[in-house]
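Source file: run13.txt. Holds: compact mmCIF, N, CA and C atoms.
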```txt
# COMPACT_ATOMS: atom_id res chain seq x y z
N MET A 121 195.11 371.76 104.60
CA MET A 121 195.70 370.78 103.72
C MET A 121 195.04 369.42 103.95
N ILE A 122 194.94 368.66 102.88
CA ILE A 122 194.33 367.34 102.98
C ILE A 122 195.42 366.27 102.98
N ILE A 123 195.01 365.02 103.17
CA ILE A 123 195.95 363.91 103.32
C ILE A 123 196.94 363.83 102.16
N THR A 124 196.46 363.91 100.92
CA THR A 124 197.39 363.79 99.79
C THR A 124 198.40 364.92 99.77
N ASP A 125 198.00 366.11 100.17
CA ASP A 125 198.95 367.23 100.25
C ASP A 125 200.04 366.93 101.27
N TRP A 126 199.65 366.45 102.44
CA TRP A 126 200.62 366.13 103.48
C TRP A 126 201.56 365.01 103.05
N ILE A 127 201.03 364.00 102.36
CA ILE A 127 201.87 362.90 101.89
C ILE A 127 202.92 363.41 100.93
N HIS A 128 202.54 364.28 100.01
CA HIS A 128 203.50 364.83 99.06
C HIS A 128 204.56 365.68 99.76
N VAL A 129 204.14 366.50 100.70
CA VAL A 129 205.08 367.36 101.43
C VAL A 129 206.06 366.52 102.25
N ILE A 130 205.54 365.55 103.00
CA ILE A 130 206.40 364.74 103.86
C ILE A 130 207.34 363.86 103.04
N ALA A 131 206.83 363.23 101.97
CA ALA A 131 207.68 362.39 101.12
C ALA A 131 208.77 363.24 100.47
N GLY A 132 208.41 364.40 99.96
CA GLY A 132 209.40 365.28 99.35
C GLY A 132 210.47 365.72 100.34
N PHE A 133 210.04 366.07 101.55
CA PHE A 133 211.00 366.46 102.58
C PHE A 133 211.94 365.32 102.92
N PHE A 134 211.40 364.11 103.11
CA PHE A 134 212.25 362.97 103.45
C PHE A 134 213.24 362.65 102.33
N ILE A 135 212.80 362.75 101.08
CA ILE A 135 213.70 362.47 99.97
C ILE A 135 214.82 363.51 99.93
N LEU A 136 214.48 364.78 100.02
CA LEU A 136 215.51 365.82 99.98
C LEU A 136 216.45 365.74 101.18
N ALA A 137 215.91 365.48 102.36
CA ALA A 137 216.75 365.39 103.56
C ALA A 137 217.69 364.20 103.49
N SER A 138 217.18 363.04 103.05
CA SER A 138 218.04 361.87 102.99
C SER A 138 219.08 362.00 101.88
N LEU A 139 218.77 362.69 100.80
CA LEU A 139 219.78 362.96 99.77
C LEU A 139 220.85 363.91 100.31
N ALA A 140 220.43 364.92 101.04
CA ALA A 140 221.40 365.86 101.61
C ALA A 140 222.34 365.15 102.58
N LEU A 141 221.83 364.16 103.30
CA LEU A 141 222.65 363.44 104.27
C LEU A 141 223.44 362.29 103.64
N GLY A 142 223.04 361.85 102.43
CA GLY A 142 223.66 360.66 101.86
C GLY A 142 224.55 360.88 100.66
N VAL A 143 224.55 362.08 100.08
CA VAL A 143 225.38 362.35 98.90
C VAL A 143 226.67 363.04 99.36
N GLU A 144 227.80 362.50 98.95
CA GLU A 144 229.09 362.95 99.47
C GLU A 144 229.41 364.41 99.19
N VAL A 145 228.90 364.97 98.11
CA VAL A 145 229.22 366.38 97.79
C VAL A 145 228.39 367.37 98.61
N SER A 146 227.42 366.88 99.36
CA SER A 146 226.57 367.75 100.17
C SER A 146 227.33 368.24 101.41
N PRO A 147 227.13 369.50 101.78
CA PRO A 147 227.77 369.98 103.03
C PRO A 147 227.17 369.33 104.28
N LEU A 148 226.02 368.69 104.14
CA LEU A 148 225.38 368.02 105.28
C LEU A 148 225.66 366.52 105.30
N TYR A 149 226.57 366.05 104.44
CA TYR A 149 226.86 364.62 104.31
C TYR A 149 227.16 363.98 105.66
N HIS A 150 226.54 362.81 105.87
CA HIS A 150 226.77 362.05 107.09
C HIS A 150 227.20 360.63 106.75
N SER A 151 226.41 359.94 105.93
CA SER A 151 226.72 358.57 105.55
C SER A 151 225.94 358.22 104.29
N SER A 152 226.55 357.42 103.44
CA SER A 152 225.85 357.03 102.21
C SER A 152 224.71 356.06 102.50
N TYR A 153 224.63 355.55 103.70
CA TYR A 153 223.50 354.68 104.07
C TYR A 153 222.16 355.41 104.07
N TRP A 154 222.18 356.74 104.11
CA TRP A 154 220.94 357.52 104.03
C TRP A 154 220.25 357.33 102.70
N LEU A 155 220.98 356.91 101.68
CA LEU A 155 220.37 356.67 100.37
C LEU A 155 219.41 355.47 100.41
N ILE A 156 219.60 354.59 101.37
CA ILE A 156 218.66 353.48 101.55
C ILE A 156 217.29 354.03 101.94
N PHE A 157 217.28 355.07 102.76
CA PHE A 157 216.01 355.70 103.15
C PHE A 157 215.33 356.35 101.95
N THR A 158 216.14 356.96 101.09
CA THR A 158 215.60 357.54 99.86
C THR A 158 214.92 356.46 99.02
N ALA A 159 215.58 355.32 98.89
CA ALA A 159 215.02 354.20 98.14
C ALA A 159 213.74 353.68 98.79
N PHE A 160 213.71 353.65 100.12
CA PHE A 160 212.50 353.19 100.83
C PHE A 160 211.31 354.10 100.54
N VAL A 161 211.52 355.40 100.57
CA VAL A 161 210.44 356.34 100.28
C VAL A 161 209.97 356.16 98.84
N GLY A 162 210.91 356.03 97.91
CA GLY A 162 210.55 355.80 96.52
C GLY A 162 209.78 354.51 96.31
N ALA A 163 210.20 353.44 96.99
CA ALA A 163 209.50 352.16 96.89
C ALA A 163 208.09 352.26 97.46
N ASN A 164 207.95 353.02 98.55
CA ASN A 164 206.63 353.20 99.14
C ASN A 164 205.71 353.95 98.19
N LEU A 165 206.23 354.98 97.52
CA LEU A 165 205.43 355.72 96.54
C LEU A 165 205.05 354.83 95.36
N LEU A 166 205.97 353.96 94.94
CA LEU A 166 205.69 353.04 93.85
C LEU A 166 204.60 352.04 94.22
N GLN A 167 204.70 351.45 95.41
CA GLN A 167 203.68 350.49 95.80
C GLN A 167 202.32 351.15 95.99
N PHE A 168 202.31 352.42 96.41
CA PHE A 168 201.04 353.13 96.52
C PHE A 168 200.38 353.28 95.15
N GLY A 169 201.19 353.47 94.12
CA GLY A 169 200.65 353.60 92.77
C GLY A 169 199.89 352.36 92.33
N PHE A 170 200.31 351.20 92.80
CA PHE A 170 199.64 349.96 92.43
C PHE A 170 198.54 349.56 93.40
N SER A 171 198.78 349.71 94.69
CA SER A 171 197.83 349.19 95.69
C SER A 171 196.87 350.24 96.25
N LYS A 172 197.18 351.53 96.07
CA LYS A 172 196.39 352.63 96.63
C LYS A 172 196.34 352.59 98.16
N PHE A 173 197.32 351.95 98.79
CA PHE A 173 197.44 351.94 100.24
C PHE A 173 198.73 352.63 100.63
N CYS A 174 198.63 353.58 101.56
CA CYS A 174 199.79 354.31 102.05
C CYS A 174 199.76 354.30 103.58
N PRO A 175 200.78 353.74 104.22
CA PRO A 175 200.80 353.73 105.68
C PRO A 175 200.74 355.14 106.28
N LEU A 176 201.41 356.10 105.67
CA LEU A 176 201.35 357.48 106.17
C LEU A 176 199.94 358.03 106.07
N GLY A 177 199.21 357.67 105.01
CA GLY A 177 197.83 358.11 104.87
C GLY A 177 196.96 357.59 106.01
N ALA A 178 197.19 356.34 106.40
CA ALA A 178 196.44 355.76 107.52
C ALA A 178 196.76 356.49 108.83
N ILE A 179 198.02 356.85 109.02
CA ILE A 179 198.42 357.57 110.23
C ILE A 179 197.79 358.96 110.24
N LEU A 180 197.85 359.66 109.12
CA LEU A 180 197.26 360.99 109.05
C LEU A 180 195.75 360.95 109.25
N ARG A 181 195.10 359.93 108.71
CA ARG A 181 193.66 359.76 108.89
C ARG A 181 193.33 359.57 110.38
N ALA A 182 194.17 358.81 111.08
CA ALA A 182 193.96 358.59 112.52
C ALA A 182 194.11 359.89 113.31
N PHE A 183 194.95 360.80 112.81
CA PHE A 183 195.12 362.11 113.46
C PHE A 183 194.03 363.10 113.08
N GLY A 184 193.13 362.70 112.22
CA GLY A 184 192.00 363.56 111.88
C GLY A 184 192.22 364.51 110.72
N VAL A 185 193.24 364.26 109.91
CA VAL A 185 193.48 365.13 108.74
C VAL A 185 192.38 364.85 107.71
N PRO A 186 191.76 365.88 107.16
CA PRO A 186 190.65 365.66 106.22
C PRO A 186 191.12 365.02 104.92
N GLU A 187 190.22 364.23 104.31
CA GLU A 187 190.54 363.54 103.06
C GLU A 187 190.14 364.36 101.83
N GLN A 188 189.19 365.28 102.00
CA GLN A 188 188.74 366.09 100.87
C GLN A 188 188.69 367.55 101.27
N ARG A 189 188.81 368.40 100.27
CA ARG A 189 188.69 369.83 100.53
C ARG A 189 187.22 370.19 100.74
N LYS A 190 186.99 371.22 101.52
CA LYS A 190 185.62 371.62 101.81
C LYS A 190 185.04 372.41 100.67
```
Show me the file's structure as structure tokens.
Amino acid sequence: MIITDWIHVIAGFFILASLALGVEVSPLYHSSYWLIFTAFVGANLLQFGFSKFCPLGAILRAFGVPEQRK
């Protein structure tokens, strides 16, 4: 998997997990404050659309995840 694949997987997981923890009808409900994390992930994806900079991409690059498929 390349960097963009990992970003999509991790962002999707964080959104689903924070919704599961923040929506009252969920059996995993903990606190509605988890919805702030959902908004943070969404805002990060939005700013990436404009600036083409993603902090997670920089972290994955430092770990040696490839940027292009072979």
Quick one: pick out all helix (DSSP H, G or I) residues within chain A from a backbone DSSP run and write them as a PyMOL selection string. chain A and resi 123-142+154-171+175-182
Give me the residues near Lys190 of chain A as a PyMOL selection string, where near means some atom within 12 Å (using only C-alpha atoms) and where sequence neighbours in that chain fewer than 3 positions away do not count. chain A and resi 121-122+186-187
If I take atom CA of Phe168 of chain A and atom N of Val129 of chain A, how far is one from the other in Å, to one decimal? 14.3 Å
Considering only N, CA and C atoms, state which residue in the set A:Leu180, A:Ile127, A:Leu155, A:Val161 is at the smallest distance from Leu139 of chain A. A:Leu155
Do you have the atom CA of Val185 of chain A-atom N of Thr124 of chain A distance handy?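 Distance between the two atoms: 8.5 Å.
Of note, atom C of Ala159 of chain A and atom CA of Ala178 of chain A are spaced 19.5 Å apart.
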From the options A:Ser171, A:Thr158, A:Gln188, A:Asn164, which residue's atoms come nearest to Val143 of chain A, counting only C-alpha atoms?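 Looking at the shortest contact to Val143 of chain A, the residue is A:Thr158.
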Enclose segment 128-142 of chain A, meaning all of its atoms listed in the file, in a box aligned along x, y and z, pad it by 6 Å on each side, and list the centre and edge lengths in Å to one decimal, as JSON.
```
{"center_x": 213.5, "center_y": 364.0, "center_z": 101.7, "size_x": 34.0, "size_y": 18.7, "size_z": 17.2}
```
